[in-house]
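Novice: So I've got this file, structure-v4.cif, and it contains mmCIF, C-alpha atoms:
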```cif
data_final
loop_
_atom_site.label_atom_id
_atom_site.label_comp_id
_atom_site.auth_asym_id
_atom_site.auth_seq_id
_atom_site.Cartn_x
_atom_site.Cartn_y
_atom_site.Cartn_z
CA MET A 1 -21.69 -105.80 -2.99
CA ARG A 2 -21.91 -109.51 -3.77
CA ASN A 3 -24.27 -109.94 -0.80
CA LYS A 4 -26.49 -107.12 -2.09
CA ASN A 5 -26.75 -108.82 -5.51
CA ILE A 6 -27.78 -112.09 -3.86
CA GLN A 7 -30.43 -110.31 -1.76
CA PHE A 8 -31.82 -108.53 -4.86
CA SER A 9 -32.01 -111.81 -6.84
CA PHE A 10 -33.77 -113.48 -3.93
CA LEU A 11 -36.31 -110.65 -3.79
CA VAL A 12 -37.03 -110.92 -7.54
CA ILE A 13 -37.51 -114.71 -7.28
CA MET A 14 -39.90 -114.25 -4.37
CA MET A 15 -41.95 -111.68 -6.34
CA LEU A 16 -42.12 -113.93 -9.42
CA ALA A 17 -43.19 -116.87 -7.27
CA SER A 18 -46.00 -114.82 -5.73
CA LEU A 19 -47.20 -113.75 -9.22
CA VAL A 20 -47.29 -117.38 -10.39
CA ALA A 21 -49.25 -118.36 -7.27
CA CYS A 22 -51.97 -115.85 -8.19
CA LYS A 23 -52.74 -117.50 -11.57
CA LYS A 24 -56.49 -117.59 -12.13
CA GLU A 25 -58.21 -120.96 -12.65
CA VAL A 26 -60.42 -121.05 -15.71
CA TYR A 27 -64.12 -121.56 -15.04
CA THR A 28 -65.83 -124.17 -17.17
CA ILE A 29 -69.55 -124.17 -17.82
CA PRO A 30 -71.15 -127.39 -16.50
CA ASP A 31 -72.72 -129.78 -18.99
CA PRO A 32 -76.44 -129.17 -19.46
CA VAL A 33 -78.81 -131.81 -18.10
CA SER A 34 -79.02 -134.53 -20.73
CA GLN A 35 -80.75 -137.21 -18.65
CA LEU A 36 -82.78 -137.68 -15.45
CA THR A 37 -80.83 -135.83 -12.77
CA ASN A 38 -81.34 -135.15 -9.07
CA ASP A 39 -79.77 -133.22 -6.21
CA CYS A 40 -80.50 -132.76 -2.53
CA ILE A 41 -79.64 -130.46 0.38
CA LYS A 42 -80.38 -130.72 4.09
CA ARG A 43 -82.08 -127.54 5.23
CA THR A 44 -82.14 -128.23 8.97
CA ILE A 45 -79.06 -127.18 10.89
CA GLY A 46 -78.21 -127.79 14.52
CA PRO A 47 -78.55 -131.02 16.48
CA SER A 48 -81.06 -133.64 15.31
CA ILE A 49 -83.41 -134.12 18.26
CA VAL A 50 -86.04 -136.82 18.68
CA SER A 51 -89.55 -135.46 17.92
CA LEU A 52 -88.24 -132.57 15.81
CA PRO A 53 -88.24 -132.73 11.98
CA LEU A 54 -85.26 -132.92 9.65
CA GLU A 55 -86.00 -130.94 6.49
CA PHE A 56 -84.53 -131.67 3.06
CA ALA A 57 -85.04 -130.08 -0.36
CA TYR A 58 -84.94 -132.68 -3.14
CA ALA A 59 -84.58 -131.34 -6.69
CA MET A 60 -85.09 -133.44 -9.83
CA ALA A 61 -85.23 -132.72 -13.56
CA ILE A 62 -85.38 -134.46 -16.92
CA PRO A 63 -85.01 -132.94 -20.43
CA LYS A 64 -88.43 -132.28 -21.94
CA SER A 65 -87.54 -134.44 -24.95
CA SER A 66 -86.94 -137.48 -22.67
CA GLY A 67 -90.29 -137.48 -20.89
CA LYS A 68 -91.74 -136.30 -17.57
CA LEU A 69 -91.42 -137.01 -13.86
CA VAL A 70 -93.60 -139.87 -12.60
CA SER A 71 -92.86 -140.30 -8.90
CA ALA A 72 -90.42 -139.44 -6.13
CA GLN A 73 -89.67 -141.33 -2.97
CA VAL A 74 -87.46 -141.31 0.10
CA GLU A 75 -86.33 -144.32 2.03
CA ALA A 76 -85.04 -143.72 5.57
CA SER A 77 -82.83 -146.23 7.36
CA ILE A 78 -85.13 -145.91 10.40
CA ALA A 79 -88.85 -145.35 9.86
CA GLY A 80 -89.89 -141.77 10.63
CA ALA A 81 -92.39 -140.88 13.34
CA THR A 82 -95.93 -139.68 12.66
CA GLY A 83 -95.81 -136.48 10.66
CA THR A 84 -93.13 -137.63 8.23
CA TYR A 85 -94.05 -136.64 4.68
CA LEU A 86 -92.80 -135.65 1.25
CA GLU A 87 -94.31 -132.42 -0.04
CA ASN A 88 -96.64 -132.72 -3.04
CA ARG A 89 -95.88 -129.11 -3.86
CA SER A 90 -92.82 -127.82 -5.64
CA PHE A 91 -91.42 -124.49 -4.47
CA TYR A 92 -89.78 -121.73 -6.40
CA THR A 93 -88.46 -118.45 -5.03
CA ASN A 94 -90.07 -115.33 -6.50
CA ALA A 95 -88.47 -111.93 -7.06
CA SER A 96 -89.32 -110.89 -3.48
CA GLY A 97 -87.47 -113.88 -2.06
CA VAL A 98 -90.66 -115.67 -1.03
CA ASP A 99 -90.97 -119.43 -1.56
CA VAL A 100 -94.08 -120.01 -3.69
CA PRO A 101 -95.68 -123.48 -3.80
CA VAL A 102 -97.03 -125.17 -6.96
CA LEU A 103 -99.14 -128.33 -6.58
CA VAL A 104 -97.50 -131.12 -8.58
CA GLY A 105 -98.78 -134.40 -7.14
CA SER A 106 -101.00 -136.29 -4.76
CA PRO A 107 -100.25 -136.27 -1.00
CA SER A 108 -97.40 -138.58 -0.12
CA LEU A 109 -97.93 -141.98 1.40
CA THR A 110 -95.56 -143.38 4.04
CA VAL A 111 -95.30 -147.15 4.45
CA ASP A 112 -92.73 -148.27 7.02
CA LYS A 113 -89.45 -146.64 5.99
CA THR A 114 -90.54 -145.38 2.56
CA THR A 115 -92.41 -142.18 1.73
CA LYS A 116 -93.66 -141.90 -1.87
CA MET A 117 -95.29 -139.11 -3.84
CA THR A 118 -96.78 -139.57 -7.35
CA TYR A 119 -96.88 -136.69 -9.80
CA THR A 120 -100.31 -135.70 -11.11
CA VAL A 121 -99.15 -132.91 -13.43
CA ASP A 122 -97.02 -133.04 -16.56
CA THR A 123 -93.74 -131.61 -15.32
CA ASN A 124 -90.09 -132.23 -16.04
CA ALA A 125 -88.58 -130.39 -13.06
CA ALA A 126 -89.52 -130.00 -9.41
CA THR A 127 -88.07 -129.38 -5.95
CA LEU A 128 -89.86 -131.18 -3.14
CA ARG A 129 -89.40 -130.76 0.59
CA TYR A 130 -89.09 -133.85 2.77
CA TYR A 131 -89.85 -133.68 6.48
CA TYR A 132 -88.57 -136.58 8.55
CA VAL A 133 -89.85 -136.54 12.13
CA ILE A 134 -87.15 -138.19 14.21
CA PRO A 135 -88.59 -141.22 16.03
CA GLU A 136 -87.71 -142.41 19.53
CA GLU A 137 -86.04 -145.53 18.04
CA ALA A 138 -83.42 -143.32 16.39
CA ARG A 139 -82.16 -141.73 19.63
CA GLY A 140 -78.37 -141.95 19.69
CA GLN A 141 -78.35 -143.81 16.35
CA SER A 142 -77.35 -142.78 12.83
CA VAL A 143 -79.98 -142.31 10.18
CA SER A 144 -79.47 -142.00 6.43
CA PHE A 145 -81.77 -141.43 3.48
CA THR A 146 -82.01 -142.51 -0.15
CA PHE A 147 -83.94 -140.07 -2.32
CA SER A 148 -85.02 -141.35 -5.73
CA VAL A 149 -87.06 -140.24 -8.70
CA THR A 150 -88.63 -142.16 -11.59
CA SER A 151 -89.35 -140.69 -15.03
CA SER A 152 -91.76 -141.71 -17.81
CA ASP A 153 -88.90 -143.15 -19.90
CA GLY A 154 -88.36 -145.77 -17.20
CA LYS A 155 -85.17 -144.26 -15.84
CA THR A 156 -84.43 -143.84 -12.12
CA ALA A 157 -81.99 -141.51 -10.38
CA SER A 158 -81.14 -141.58 -6.70
CA TYR A 159 -79.24 -139.51 -4.17
CA LYS A 160 -77.95 -140.63 -0.78
CA MET A 161 -77.93 -138.31 2.24
CA GLY A 162 -76.40 -138.94 5.63
CA PRO A 163 -75.65 -140.66 7.86
CA TYR A 164 -76.77 -138.15 10.48
CA THR A 165 -76.22 -138.79 14.17
CA ILE A 166 -79.35 -138.32 16.21
CA SER A 167 -78.91 -136.52 19.51
CA LYS A 168 -79.45 -138.29 22.81
CA MET A 169 -81.14 -135.17 24.18
CA SER A 170 -84.87 -134.78 24.76
CA ILE A 171 -86.70 -131.54 24.30
CA LYS A 172 -89.76 -130.04 25.94
CA ARG A 173 -90.95 -126.57 25.04
CA ASN A 174 -93.19 -123.91 26.54
CA LEU A 175 -93.84 -125.24 30.04
CA ALA A 176 -95.85 -122.71 32.05
CA VAL A 177 -94.73 -122.26 35.64
CA SER A 178 -96.42 -120.08 38.22
CA ASN A 179 -95.61 -119.00 41.74
CA GLY A 180 -97.23 -121.28 44.32
CA VAL A 181 -99.34 -123.17 41.79
CA ASN A 182 -97.58 -125.05 38.98
CA ALA A 183 -94.23 -124.56 40.64
CA TYR A 184 -92.64 -128.01 40.97
CA ILE A 185 -90.36 -129.09 38.15
CA SER A 186 -89.25 -132.64 37.42
CA ILE A 187 -86.24 -133.04 35.14
CA GLU A 188 -86.83 -136.79 34.85
CA ASP A 189 -90.40 -136.28 33.64
CA MET A 190 -89.65 -132.96 31.90
CA ALA A 191 -92.87 -131.70 33.41
CA VAL A 192 -94.29 -129.17 35.84
CA TYR A 193 -96.55 -130.21 38.73
CA ASN A 194 -98.68 -128.53 41.36
CA ALA A 195 -98.18 -129.19 45.08
CA ALA A 196 -100.57 -132.16 45.23
CA ALA A 197 -98.94 -133.91 42.27
CA ALA A 198 -95.47 -133.11 43.62
CA ALA A 199 -96.38 -134.67 46.97
CA ALA A 200 -97.35 -137.85 45.11
CA THR A 201 -93.90 -138.17 43.48
CA PRO A 202 -91.51 -136.24 45.73
CA GLY A 203 -88.46 -138.18 44.52
CA LYS A 204 -88.87 -136.75 41.05
CA ILE A 205 -89.09 -133.06 41.96
CA ASP A 206 -85.78 -131.31 41.27
CA LEU A 207 -86.69 -127.63 41.31
CA VAL A 208 -89.21 -125.17 42.67
CA TYR A 209 -90.16 -122.08 40.71
CA LEU A 210 -90.90 -119.02 42.79
CA TYR A 211 -91.26 -115.29 42.36
CA ARG A 212 -90.57 -112.68 45.00
CA ALA A 213 -90.70 -108.96 44.27
CA ALA A 214 -88.42 -108.23 47.24
CA PRO A 215 -85.50 -108.19 47.43
CA THR A 216 -85.42 -106.70 43.96
CA THR A 217 -82.67 -109.08 42.89
CA PHE A 218 -84.75 -112.18 43.72
CA THR A 219 -87.66 -111.94 41.25
CA HIS A 220 -87.94 -115.18 39.23
CA ALA A 221 -86.03 -118.12 40.69
CA LEU A 222 -85.44 -121.83 40.33
CA VAL A 223 -84.47 -123.31 43.67
CA SER A 224 -83.76 -126.86 44.84
CA PRO A 225 -86.05 -128.19 47.54
CA ALA A 226 -82.93 -128.77 49.68
CA ALA A 227 -81.59 -125.22 49.28
CA ASP A 228 -81.05 -122.84 52.19
CA PRO A 229 -84.51 -121.66 53.38
CA ALA A 230 -83.34 -118.08 52.69
CA TYR A 231 -83.88 -118.90 49.01
CA LEU A 232 -87.32 -120.40 49.63
CA PRO A 233 -88.97 -117.55 51.56
CA GLY A 234 -92.53 -118.29 52.54
CA VAL A 235 -92.53 -121.64 50.75
CA THR A 236 -93.99 -124.67 52.48
CA LEU A 237 -92.71 -127.64 50.53
CA PRO A 238 -94.91 -130.71 50.07
CA ALA A 239 -93.78 -133.62 52.23
CA GLY A 240 -90.81 -135.59 50.97
CA LEU A 241 -89.22 -132.97 48.70
CA ASN A 242 -85.51 -132.98 49.52
CA ARG A 243 -83.43 -133.10 46.33
CA SER A 244 -80.42 -130.84 45.95
CA THR A 245 -80.07 -129.97 42.27
CA LYS A 246 -77.04 -128.07 41.03
CA LEU A 247 -77.71 -124.97 38.94
CA ARG A 248 -75.47 -122.74 36.89
CA LYS A 249 -76.84 -119.49 35.49
CA VAL A 250 -76.14 -118.54 31.88
CA PHE A 251 -76.93 -115.44 29.94
CA ASN A 252 -77.01 -114.95 26.16
CA LEU A 253 -77.41 -118.66 25.39
CA GLN A 254 -80.65 -118.56 23.43
CA ASP A 255 -80.90 -122.04 21.96
CA ARG A 256 -82.78 -121.83 18.65
CA ASN A 257 -84.93 -124.88 19.33
CA LEU A 258 -85.91 -123.73 22.81
CA ALA A 259 -86.42 -120.11 21.78
CA ASN A 260 -89.00 -121.11 19.17
CA LEU A 261 -86.72 -120.70 16.15
CA GLN A 262 -85.29 -117.33 17.10
CA PHE A 263 -81.53 -116.76 17.29
CA GLY A 264 -78.83 -118.96 15.80
CA ILE A 265 -77.30 -120.77 18.76
CA TYR A 266 -77.67 -124.47 19.47
CA VAL A 267 -77.06 -126.47 22.64
CA ASP A 268 -75.83 -129.95 21.75
CA ASP A 269 -75.13 -133.20 23.61
CA ILE A 270 -71.48 -132.30 24.05
CA ASP A 271 -72.35 -129.01 25.78
CA LEU A 272 -74.44 -130.82 28.36
CA LYS A 273 -71.72 -133.44 28.82
CA ASN A 274 -68.90 -130.94 29.26
CA VAL A 275 -70.47 -128.17 31.31
CA ASP A 276 -68.58 -127.73 34.58
CA MET A 277 -71.05 -128.25 37.42
CA VAL A 278 -68.49 -128.73 40.19
CA ASP A 279 -69.24 -126.59 43.27
CA MET A 280 -72.29 -125.03 41.66
CA PRO A 281 -75.04 -123.77 44.00
CA ASN A 282 -78.47 -125.34 44.38
CA TYR A 283 -80.40 -122.18 43.57
CA ALA A 284 -80.61 -119.62 40.79
CA ILE A 285 -82.36 -116.35 41.56
CA GLY A 286 -82.85 -113.19 39.52
CA LEU A 287 -83.69 -115.01 36.29
CA ARG A 288 -84.73 -112.89 33.34
CA ALA A 289 -86.35 -113.56 30.00
CA GLU A 290 -83.90 -115.27 27.62
CA ALA A 291 -81.64 -116.27 30.49
CA GLY A 292 -80.97 -119.92 31.21
CA VAL A 293 -79.61 -122.37 33.72
CA TRP A 294 -77.58 -125.54 33.37
CA VAL A 295 -78.99 -128.18 35.69
CA GLU A 296 -77.55 -131.37 37.15
CA THR A 297 -79.89 -133.61 39.15
CA ALA A 298 -78.90 -134.80 42.62
CA ASP A 299 -78.41 -138.40 41.44
CA LYS A 300 -76.28 -137.13 38.49
CA LYS A 301 -78.56 -139.09 36.18
CA TYR A 302 -79.62 -136.09 34.12
CA ARG A 303 -78.23 -132.81 32.94
CA ALA A 304 -80.48 -130.22 31.42
CA TYR A 305 -80.52 -126.73 30.01
CA ILE A 306 -83.56 -124.70 31.03
CA PHE A 307 -84.28 -121.61 28.97
CA VAL A 308 -86.60 -118.86 30.18
CA ASN A 309 -88.81 -117.97 27.23
CA SER A 310 -90.75 -115.24 28.98
CA ILE A 311 -91.51 -113.86 32.42
CA ASN A 312 -94.47 -112.11 33.95
CA ALA A 313 -94.21 -109.72 36.88
CA ALA A 314 -97.36 -111.25 38.32
CA GLY A 315 -95.26 -114.30 39.19
CA SER A 316 -95.25 -116.66 36.27
CA ALA A 317 -92.91 -117.67 33.48
CA VAL A 318 -92.65 -119.92 30.44
CA ILE A 319 -89.65 -122.22 30.32
CA SER A 320 -88.30 -124.80 27.87
CA MET A 321 -85.74 -127.50 28.45
CA LEU A 322 -83.24 -129.81 26.78
CA ARG A 323 -82.30 -132.86 28.83
CA LEU A 324 -79.54 -135.40 28.47
CA THR A 325 -79.44 -138.73 30.28
CA LEU A 326 -75.87 -139.24 31.49
CA MET B 327 -35.04 -108.35 4.00
CA ILE B 328 -34.33 -111.38 6.15
CA SER B 329 -31.53 -109.46 7.86
CA ALA B 330 -33.89 -106.57 8.48
CA ILE B 331 -36.43 -108.91 10.02
CA ILE B 332 -33.78 -110.47 12.22
CA ILE B 333 -32.49 -107.07 13.33
CA SER B 334 -35.98 -105.81 14.10
CA CYS B 335 -36.60 -108.84 16.31
CA LYS B 336 -33.47 -108.28 18.36
CA LYS B 337 -34.16 -108.24 22.10
CA ASP B 338 -33.17 -104.97 23.72
CA SER B 339 -35.46 -104.81 26.76
CA PRO B 340 -35.63 -107.12 29.78
CA VAL B 341 -38.68 -109.27 30.34
CA ASP B 342 -39.91 -110.91 33.52
CA GLU B 343 -40.67 -114.59 34.23
CA ASP B 344 -44.03 -114.22 32.45
CA GLY B 345 -42.42 -112.82 29.30
CA LEU B 346 -43.80 -109.35 30.06
CA LEU B 347 -41.74 -106.25 29.41
CA ILE B 348 -40.11 -104.72 32.49
CA THR B 349 -40.44 -100.97 32.19
CA PHE B 350 -39.35 -97.96 34.24
CA ARG B 351 -42.81 -97.25 35.64
CA GLN B 352 -43.19 -97.13 39.42
CA GLU B 353 -46.98 -96.66 39.57
CA CYS B 354 -48.55 -99.49 41.53
CA PHE B 355 -52.29 -99.42 42.22
CA VAL B 356 -55.69 -100.82 41.36
CA SER B 357 -57.80 -98.34 39.38
CA ASN B 358 -60.99 -100.35 38.93
CA PHE B 359 -62.56 -103.58 40.11
CA GLU B 360 -65.39 -105.73 38.74
CA LEU B 361 -66.87 -108.99 39.97
CA LEU B 362 -68.76 -111.27 37.57
CA GLY B 363 -70.97 -114.23 38.41
CA ALA B 364 -70.99 -117.64 36.70
CA ASP B 365 -73.13 -116.13 33.93
CA PHE B 366 -70.52 -113.38 33.42
CA VAL B 367 -72.95 -110.72 34.59
CA SER B 368 -71.85 -108.31 37.31
CA VAL B 369 -72.82 -109.31 40.86
CA ARG B 370 -71.94 -105.95 42.42
CA SER B 371 -74.78 -103.97 43.97
CA LYS B 372 -72.74 -100.75 43.81
CA THR B 373 -69.36 -99.52 42.59
CA ALA B 374 -66.41 -101.08 44.40
CA VAL B 375 -64.58 -98.74 46.77
CA ILE B 376 -60.82 -98.88 46.18
CA ASP B 377 -58.66 -97.31 48.88
CA THR B 378 -55.15 -97.04 47.47
CA VAL B 379 -53.76 -95.82 50.82
CA ALA B 380 -55.28 -98.52 53.02
CA GLN B 381 -54.86 -100.94 50.08
CA THR B 382 -58.35 -102.37 50.32
CA ILE B 383 -61.14 -103.07 47.86
CA ASP B 384 -64.63 -103.07 49.38
CA VAL B 385 -67.30 -104.73 47.29
CA GLU B 386 -70.97 -105.19 48.08
CA VAL B 387 -72.57 -108.06 46.17
CA LEU B 388 -76.18 -108.85 45.37
CA PHE B 389 -78.31 -111.05 47.61
CA GLY B 390 -77.88 -114.68 46.62
CA THR B 391 -74.51 -114.28 44.90
CA ASP B 392 -72.65 -117.59 44.78
CA LEU B 393 -69.18 -116.47 45.82
CA LYS B 394 -67.70 -119.91 45.14
CA ASN B 395 -68.00 -119.28 41.41
CA VAL B 396 -67.08 -115.72 40.56
CA TYR B 397 -64.69 -114.00 38.19
CA PRO B 398 -62.84 -111.00 39.68
CA GLN B 399 -61.50 -108.43 37.21
CA PHE B 400 -58.84 -105.89 38.20
CA THR B 401 -57.84 -102.82 36.23
CA LEU B 402 -54.27 -101.87 37.15
CA ALA B 403 -51.93 -98.92 36.56
CA THR B 404 -49.98 -99.08 33.29
CA ASP B 405 -47.49 -101.98 33.03
CA CYS B 406 -48.51 -103.47 36.42
CA LYS B 407 -49.38 -107.11 36.89
CA LEU B 408 -51.31 -109.10 39.47
CA ASP B 409 -50.14 -111.87 41.75
CA PRO B 410 -51.69 -114.42 42.00
CA LYS B 411 -52.97 -114.44 38.43
CA ILE B 412 -56.69 -114.92 37.83
CA THR B 413 -57.01 -117.85 35.47
CA GLY B 414 -60.71 -118.71 35.77
CA LYS B 415 -63.50 -118.95 38.27
CA THR B 416 -62.44 -118.06 41.78
CA ASP B 417 -63.73 -119.03 45.20
CA LEU B 418 -64.19 -115.90 47.32
CA SER B 419 -66.67 -117.47 49.73
CA ASN B 420 -64.40 -117.30 52.78
CA LEU B 421 -65.54 -113.89 53.99
CA ALA B 422 -63.76 -114.24 57.34
CA ASN B 423 -60.39 -114.39 55.57
CA PRO B 424 -60.46 -111.90 52.71
CA LYS B 425 -58.30 -112.85 49.76
CA VAL B 426 -55.19 -110.75 49.17
CA TYR B 427 -53.99 -109.83 45.68
CA THR B 428 -50.60 -108.22 45.10
CA VAL B 429 -50.09 -105.53 42.48
CA VAL B 430 -46.57 -105.45 41.02
CA SER B 431 -45.30 -102.24 39.40
CA GLY B 432 -43.99 -101.98 35.83
CA ASN B 433 -40.39 -101.95 37.00
CA ARG B 434 -41.22 -105.04 39.11
CA LYS B 435 -39.64 -103.43 42.20
CA ILE B 436 -42.76 -102.30 44.05
CA ARG B 437 -45.36 -104.71 45.38
CA LYS B 438 -48.60 -103.69 47.07
CA ASP B 439 -51.02 -106.08 48.74
CA TYR B 440 -54.73 -105.30 48.27
CA LYS B 441 -57.24 -106.95 50.58
CA LEU B 442 -60.50 -107.85 48.81
CA LYS B 443 -63.32 -107.36 51.31
CA ILE B 444 -66.76 -108.60 50.24
CA LYS B 445 -70.10 -108.19 51.96
CA PHE B 446 -73.64 -109.05 50.94
CA GLN B 447 -76.31 -106.51 50.13
#
```
So, in terms of structure tokens, how does the structure I just supplied come out?
Specialist:
Amino acid sequence: MRNKNIQFSFLVIMMLASLVACKKEVYTIPDPVSQLTNDCIKRTIGPSIVSLPLEFAYAMAIPKSSGKLVSAQVEASIAGATGTYLENRSFYTNASGVDVPVLVGSPSLTVDKTTKMTYTVDTNAATLRYYYVIPEEARGQSVSFTFSVTSSDGKTASYKMGPYTISKMSIKRNLAVSNGVNAYISIEDMAVYNAAAAAATPGKIDLVYLYRAAPTTFTHALVSPAADPAYLPGVTLPAGLNRSTKLRKVFNLQDRNLANLQFGIYVDDIDLKNVDMVDMPNYAIGLRAEAGVWVETADKKYRAYIFVNSINAAGSAVISMLRLTL
Amino acid sequence: MISAIIISCKKDSPVDEDGLLITFRQECFVSNFELLGADFVSVRSKTAVIDTVAQTIDVEVLFGTDLKNVYPQFTLATDCKLDPKITGKTDLSNLANPKVYTVVSGNRKIRKDYKLKIKFQ
């Protein structure tokens, strides 16, 4: 009986404790903007790859009674590549969910690390997009940004973003390959060559693209020059091609950057570093659209991910690649 | 409550070295077989033929299949287990010496060796 009483008391205490734990926190309304204020978000997700842009949305506002916005600027720790700019249009989202631009200033001017835009309209609130094209100098480095805004009352507000680590990968999109013509792929150059060009630089050719309708499982293939001739039927290789590149087929890995901004998957440096290429073959046949292959060059200097964007039954395909120097 | 939890967790059935329940079932056979490539897509060209009397599994694989990097998948009778276990990619490239997998019944008293015979399309 005594034990039962103890158990009942324990149960009641447990129930009370759980009720206390559910106590609701009171929401407080934030203070209204009483001075020049700014905020920023990074809109780009996924790895930051050299040559691709990082996109930010920079919002700024000042009470109407205090004045108007005069200028906005962004300073990057490493100067952006050509194409870096700060939008001179402010965007708002309409009832249909569409971003609508409103011209608010003159086109931005980039000098070294700083991109500046001056307002030409009388406005006290705006959201500007900033596009930073990642330069070659930033590869493997960290880059950070200081966004700032100046108002007519002489005040300045600033917002720091980053640091963001820039990927060591390189990207090349939409390379057209065709059976017997532009069929020789160099991972080092991230390029496709014809037979004459391949013969000129045989040491750089890692893969041969070919298409065979029979057997039906062959179709589109990427094959090393040194692969078993059974996987290079009817192919006469240019002199000197002898590299044995390891390949590992993948399906359902549609990298967003390679697939032209479709899908929501990203291949990053760490994926290329960690992929298990031990005992992998030196050919990959039966490739389909949206399939891919992990690649390791014979000298183990590079690893790459080749994505098949599209295929054509006439014997051609469009491929894209991410490459990491090991 | 705590007592109830303790009582409900009380062990009343034997388990084997893998922590799996040993049951009274004597069935011991392979009911289905699949073979996946490195991209986890099937490399079979037709349905595998499972002979439960001869204890063989005959699989025909597609031209160009890299048998050094495949993932075999067995479907077994209820409560059975496989020996050796398949823990990742498997090398089945030695066609001259087909790999043998043993099916162990639910009561762990019956063991049947299945020879995995692979040929190319």
Novice: What would the selection look like, as a list in words, if the PyMOL selection byres ((chain B) within 7 of (chain A)) were run on the coordinates I just shared?
Specialist: Ala364, Asp365, Leu388, Phe389, Gly390 and Asp392 of chain B
Novice: Starting from the shown file, work through the PyMOL selection byres ((chain B and resi 395) around 9) and note down what comes out as a list in words.
Specialist: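 On this input, the PyMOL selection byres ((chain B and resi 395) around 9) captures Asp279, Met280 and Pro281 of chain A; Leu362, Gly363, Ala364, Thr391, Asp392, Leu393, Lys394, Val396, Tyr397, Lys415, Thr416, Asp417, Leu418 and Ser419 of chain B.
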Novice: Looking at B:Pro410, B:Asp405, B:Lys441, B:Val375, which one is nearest to B:Cys354, with distances taken over only C-alpha atoms?
Specialist: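 The shortest atom-to-atom distance to B:Cys354 comes from B:Asp405.
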Novice: Show me, as an mmCIF file with C-alpha atoms, in the frame of the given file, the residues that have an atom within 7 Å of A:Ala125 when counting only C-alpha atoms, minus same-chain residues fewer than 5 positions from it.
Specialist:
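Result written to out14.cif:
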```cif
data_model
loop_
_atom_site.group_PDB
_atom_site.id
_atom_site.type_symbol
_atom_site.label_atom_id
_atom_site.label_comp_id
_atom_site.auth_asym_id
_atom_site.auth_seq_id
_atom_site.Cartn_x
_atom_site.Cartn_y
_atom_site.Cartn_z
ATOM 1 C CA MET A 60 -85.090 -133.440 -9.830
ATOM 2 C CA ALA A 61 -85.230 -132.720 -13.560
ATOM 3 C CA ILE A 62 -85.380 -134.460 -16.920
#
```
Novice: Selection in question (the file shown): the PyMOL selection byres ((chain A and resi 199-207) around 9). Which residues does it include, as a ChimeraX atom specification?
Specialist: /A:183-189,192-198,208-209,222-225,237-245,283,297-298
Novice: Mind checking which residues fall within 8 Å of B:Thr378, counting all atoms listed in the file, ignoring those fewer than 4 positions away in the same chain, and posting them as a VMD selection string?
Specialist: chain B and resid 355 to 356 382
Novice: Please, what distance in Å, to one decimal, runs between atom CA of A:Thr156 and atom CA of A:Thr37?
Specialist: 8.8 Å
Novice: If we count all atoms listed in the file, what is near stretch 318-323 of chain A at a cut-off of 8 Å, once residues fewer than 4 positions away on the same chain are taken out, given as a compact mmCIF listing (two decimals) with C-alpha atoms, in the frame of the given file?
Specialist:
```txt
# COMPACT_ATOMS: atom_id res chain seq x y z
CA MET A 169 -81.14 -135.17 24.18
CA SER A 170 -84.87 -134.78 24.76
CA ILE A 171 -86.70 -131.54 24.30
CA LYS A 172 -89.76 -130.04 25.94
CA ARG A 173 -90.95 -126.57 25.04
CA ASN A 174 -93.19 -123.91 26.54
CA LEU A 175 -93.84 -125.24 30.04
CA ALA A 176 -95.85 -122.71 32.05
CA VAL A 177 -94.73 -122.26 35.64
CA ILE A 187 -86.24 -133.04 35.14
CA MET A 190 -89.65 -132.96 31.90
CA LEU A 258 -85.91 -123.73 22.81
CA ALA A 259 -86.42 -120.11 21.78
CA TYR A 302 -79.62 -136.09 34.12
CA ARG A 303 -78.23 -132.81 32.94
CA ALA A 304 -80.48 -130.22 31.42
CA TYR A 305 -80.52 -126.73 30.01
CA ILE A 306 -83.56 -124.70 31.03
CA PHE A 307 -84.28 -121.61 28.97
CA VAL A 308 -86.60 -118.86 30.18
CA ASN A 309 -88.81 -117.97 27.23
CA SER A 310 -90.75 -115.24 28.98
CA ILE A 311 -91.51 -113.86 32.42
```
Novice: In Å to one decimal, how far is atom CA of A:Gly162 from atom CA of A:Val143?
Specialist: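 Atom CA of A:Gly162 lies at a distance of 6.7 Å from atom CA of A:Val143.
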Novice: Would you pick out the contacts of B:Phe359 at 7 Å or less, using all atoms listed in the file, so that residues sharing its chain but fewer than 2 positions from it are not included, and give the list as a list in words?
Specialist: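 Once the adjacent positions are removed, what remains is Leu361, Ala374, Gln399, Phe400 and Thr401 of chain B.
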Novice: Take every atom of stretch 422-428 of chain B listed in the file, pad by 5 Å on each side, and give me the axis-aligned box centre and edge lengths in Å, one decimal, as JSON.
Specialist:
```
{"center_x": -57.2, "center_y": -111.3, "center_z": 51.2, "size_x": 23.2, "size_y": 16.2, "size_z": 22.2}
```
Novice: For A:Lys168, list every protein, DNA or RNA residue within 12 Å, evaluated using only C-alpha atoms, and leave out those in the same chain fewer than 3 positions away; present the list as a count of residues only.
Specialist: 29
Novice: Could you state the separation of atom CA of B:Phe446 and atom CA of B:Lys372 in Å, given to one decimal place?
Specialist: 11.0 Å
Novice: Would you kindly identify which residues have an atom no farther than 8 Å from (-40.5, -96.1, 33.1), using all atoms listed in the file and the file's own coordinates, and write them out as a list in words?
Specialist: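 Every polymer residue passing the test: Thr349, Phe350, Arg351, Gln352, Gly432 and Asn433 of chain B.
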